[in-house]
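Engineer: Shown below is the structure under consideration.
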Amino acid sequence: MRIAIGSDHAGFSLKGTLVEVLRDGGHEVVDVGTDSDAVVDYPDYAEAVAVAVRRGEVDRGVMICGSGVGASVAANKVPGVRAAICHDTYSAHQGVEHDDMNILVLGGRIVGGALAVEVLEAFLGARFSKAERHRRRVGKIRLLEERDWSGHGGDSD
């Protein structure tokens, strides 16, 4: 499998561990950065992972920031991306099986290396079930992405 992986400075150390695990597992890794623990902005790397997934350049993505929250929010702004923070194996595989999740987000300050590896393996080993109810729900997510939100509240004169 071809995997894009990125992190900000808070996820840099964990990213190194996961890149090694991915390569040892026979996966092709596209590392979009960061390349050190110098302070950077997570949206830049979340975007790089998400765009690689959206364009079909990779099969799936992994993004790591401090908590996982910011990277998840940023990645989900790219249409076609279904990113989620998973700090347990159940969510990691069910997110793929039921929601066709294509980016795993981890909090580098939340999970240790051993658990992160288990979560990653659960994510990569899972396949979308294609059950009618799951296809229908993912279709509704696509409709939300395509909706013209202008005039749907929010801005008032």
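A note on labels: chains of the structure tokens are A, B, ... as shown, every chain counts residues from 1, and ligands are counted from 1 in their shown order.
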Tell me, as a VMD selection string, which residues lie within 12 Å of segment 105-110 of chain A, counting only C-alpha atoms; anything in the same chain fewer than 6 positions away does not count.
Structural biologist: chain A and resid 4 to 18 37 42 45 to 46 49 to 50 60 to 76 81 to 89 91 to 92 95 116 to 120 123
Engineer: As number ranges by chain, please: all residues of segment 36-136 of chain A that backbone DSSP puts in alpha helix (DSSP H).
Structural biologist: A: 42-54, 69-75, 89-99, 113-125, 132-136
Engineer: To one decimal place in Å, what is the distance between atom CA of Ile103 of chain A and atom CA of Ala48 of chain A?
Structural biologist: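 Going from atom CA of Ile103 of chain A over to atom CA of Ala48 of chain A covers 11.7 Å.
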Engineer: Val58 of chain A: which residues within 6 Å, counting only C-alpha atoms, same-chain residues fewer than 5 positions away excluded, as an mmCIF file with N, CA and C atoms, in the first residue's frame?
Structural biologist:
```cif
data_model
loop_
_atom_site.group_PDB
_atom_site.id
_atom_site.type_symbol
_atom_site.label_atom_id
_atom_site.label_comp_id
_atom_site.auth_asym_id
_atom_site.auth_seq_id
_atom_site.Cartn_x
_atom_site.Cartn_y
_atom_site.Cartn_z
ATOM 1 N N ARG A 2 0.474 2.267 -0.674
ATOM 2 C CA ARG A 2 1.209 3.540 -0.724
ATOM 3 C C ARG A 2 0.573 4.480 0.295
ATOM 4 N N ILE A 3 1.377 4.961 1.243
ATOM 5 C CA ILE A 3 0.879 5.747 2.373
ATOM 6 C C ILE A 3 1.581 7.100 2.434
ATOM 7 N N ALA A 52 -2.673 14.555 -1.190
ATOM 8 C CA ALA A 52 -2.147 13.311 -1.782
ATOM 9 C C ALA A 52 -3.226 12.231 -1.811
ATOM 10 N N VAL A 53 -4.029 12.157 -0.753
ATOM 11 C CA VAL A 53 -5.125 11.187 -0.707
ATOM 12 C C VAL A 53 -6.193 11.566 -1.733
#
```
Engineer: Which residue, A:Met1, A:Thr34, A:Pro79, A:Gly25, has the smallest gap to Leu143 of chain A when you use only C-alpha atoms?
Structural biologist: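 Between A:Met1, A:Thr34, A:Pro79, A:Gly25, the residue approaching Leu143 of chain A most closely is A:Pro79.
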Engineer: Residues near Arg133 of chain A, anyone? I mean within 12 Å using only C-alpha atoms, not counting same-chain ones fewer than 4 positions away, as a ChimeraX atom specification.
Structural biologist: /A:97-99,128-129,137-140
Engineer: Print the selection's residues with N, CA and C atoms to a file, as a compact mmCIF listing (two decimals), in the first residue's frame.
Structural biologist:
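So the final result, stored in selection_8.txt, reads:
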```
# COMPACT_ATOMS: atom_id res chain seq x y z
N GLU A 97 -13.98 0.56 8.04
CA GLU A 97 -15.02 -0.40 7.67
C GLU A 97 -16.38 0.26 7.49
N HIS A 98 -16.74 1.22 8.33
CA HIS A 98 -18.07 1.82 8.29
C HIS A 98 -18.10 3.18 7.60
N ASP A 99 -17.02 3.95 7.72
CA ASP A 99 -17.03 5.34 7.26
C ASP A 99 -16.05 5.61 6.11
N PHE A 128 -13.21 -1.03 3.68
CA PHE A 128 -14.58 -0.52 3.70
C PHE A 128 -15.54 -1.68 3.42
N SER A 129 -16.57 -1.80 4.23
CA SER A 129 -17.47 -2.96 4.13
C SER A 129 -18.35 -2.95 2.88
N ARG A 137 -24.47 6.24 3.94
CA ARG A 137 -23.99 7.26 4.89
C ARG A 137 -22.79 8.02 4.33
N VAL A 138 -21.86 7.33 3.70
CA VAL A 138 -20.72 8.01 3.09
C VAL A 138 -21.21 8.89 1.94
N GLY A 139 -22.23 8.45 1.23
CA GLY A 139 -22.83 9.28 0.19
C GLY A 139 -23.40 10.57 0.75
N LYS A 140 -23.99 10.49 1.92
CA LYS A 140 -24.52 11.70 2.56
C LYS A 140 -23.40 12.65 2.97
```
Engineer: Of the candidates A:Gln94, A:Glu145, A:Leu115, A:Val19, which shows the shortest atom-to-atom distance to Arg127 of chain A, using only C-alpha atoms?
Structural biologist: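 The answer is A:Gln94, which sits nearest to Arg127 of chain A.
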Engineer: I'd like to know which residues of chain A are strand (DSSP E) (by DSSP, run on the backbone); could you write them as a VMD selection string?
Structural biologist: chain A and resid 2 to 7 28 to 31 60 to 65 83 to 85 103 to 107
Engineer: Let's have the selection written as a PDB file, in the first residue's frame, with C-alpha atoms.
Structural biologist:
```
ATOM      1  CA  ARG A   2       1.209   3.540  -0.724  1.00  0.00           C
ATOM      2  CA  ILE A   3       0.879   5.747   2.373  1.00  0.00           C
ATOM      3  CA  ALA A   4       1.373   9.512   2.773  1.00  0.00           C
ATOM      4  CA  ILE A   5       2.553  10.493   6.237  1.00  0.00           C
ATOM      5  CA  GLY A   6       3.064  13.908   7.746  1.00  0.00           C
ATOM      6  CA  SER A   7       3.454  15.596  11.081  1.00  0.00           C
ATOM      7  CA  GLU A  28       5.656   2.560   0.102  1.00  0.00           C
ATOM      8  CA  VAL A  29       5.928   5.715   2.202  1.00  0.00           C
ATOM      9  CA  VAL A  30       5.500   9.258   0.931  1.00  0.00           C
ATOM     10  CA  ASP A  31       6.815  11.454   3.757  1.00  0.00           C
ATOM     11  CA  ARG A  60      -4.262   6.244   2.557  1.00  0.00           C
ATOM     12  CA  GLY A  61      -2.742   8.869   4.792  1.00  0.00           C
ATOM     13  CA  VAL A  62      -1.443   9.258   8.328  1.00  0.00           C
ATOM     14  CA  MET A  63      -1.085  12.622  10.068  1.00  0.00           C
ATOM     15  CA  ILE A  64       0.348  13.310  13.507  1.00  0.00           C
ATOM     16  CA  CYS A  65       0.187  16.516  15.532  1.00  0.00           C
ATOM     17  CA  ALA A  83      -9.865  11.860   8.554  1.00  0.00           C
ATOM     18  CA  ALA A  84     -10.351  10.900  12.182  1.00  0.00           C
ATOM     19  CA  ILE A  85      -8.383  10.892  15.391  1.00  0.00           C
ATOM     20  CA  ILE A 103      -6.621   9.352   6.868  1.00  0.00           C
ATOM     21  CA  LEU A 104      -5.640   8.217  10.345  1.00  0.00           C
ATOM     22  CA  VAL A 105      -4.806  11.079  12.695  1.00  0.00           C
ATOM     23  CA  LEU A 106      -2.813  10.515  15.857  1.00  0.00           C
ATOM     24  CA  GLY A 107      -1.871  12.742  18.761  1.00  0.00           C
TER      25      GLY A 107
END
```
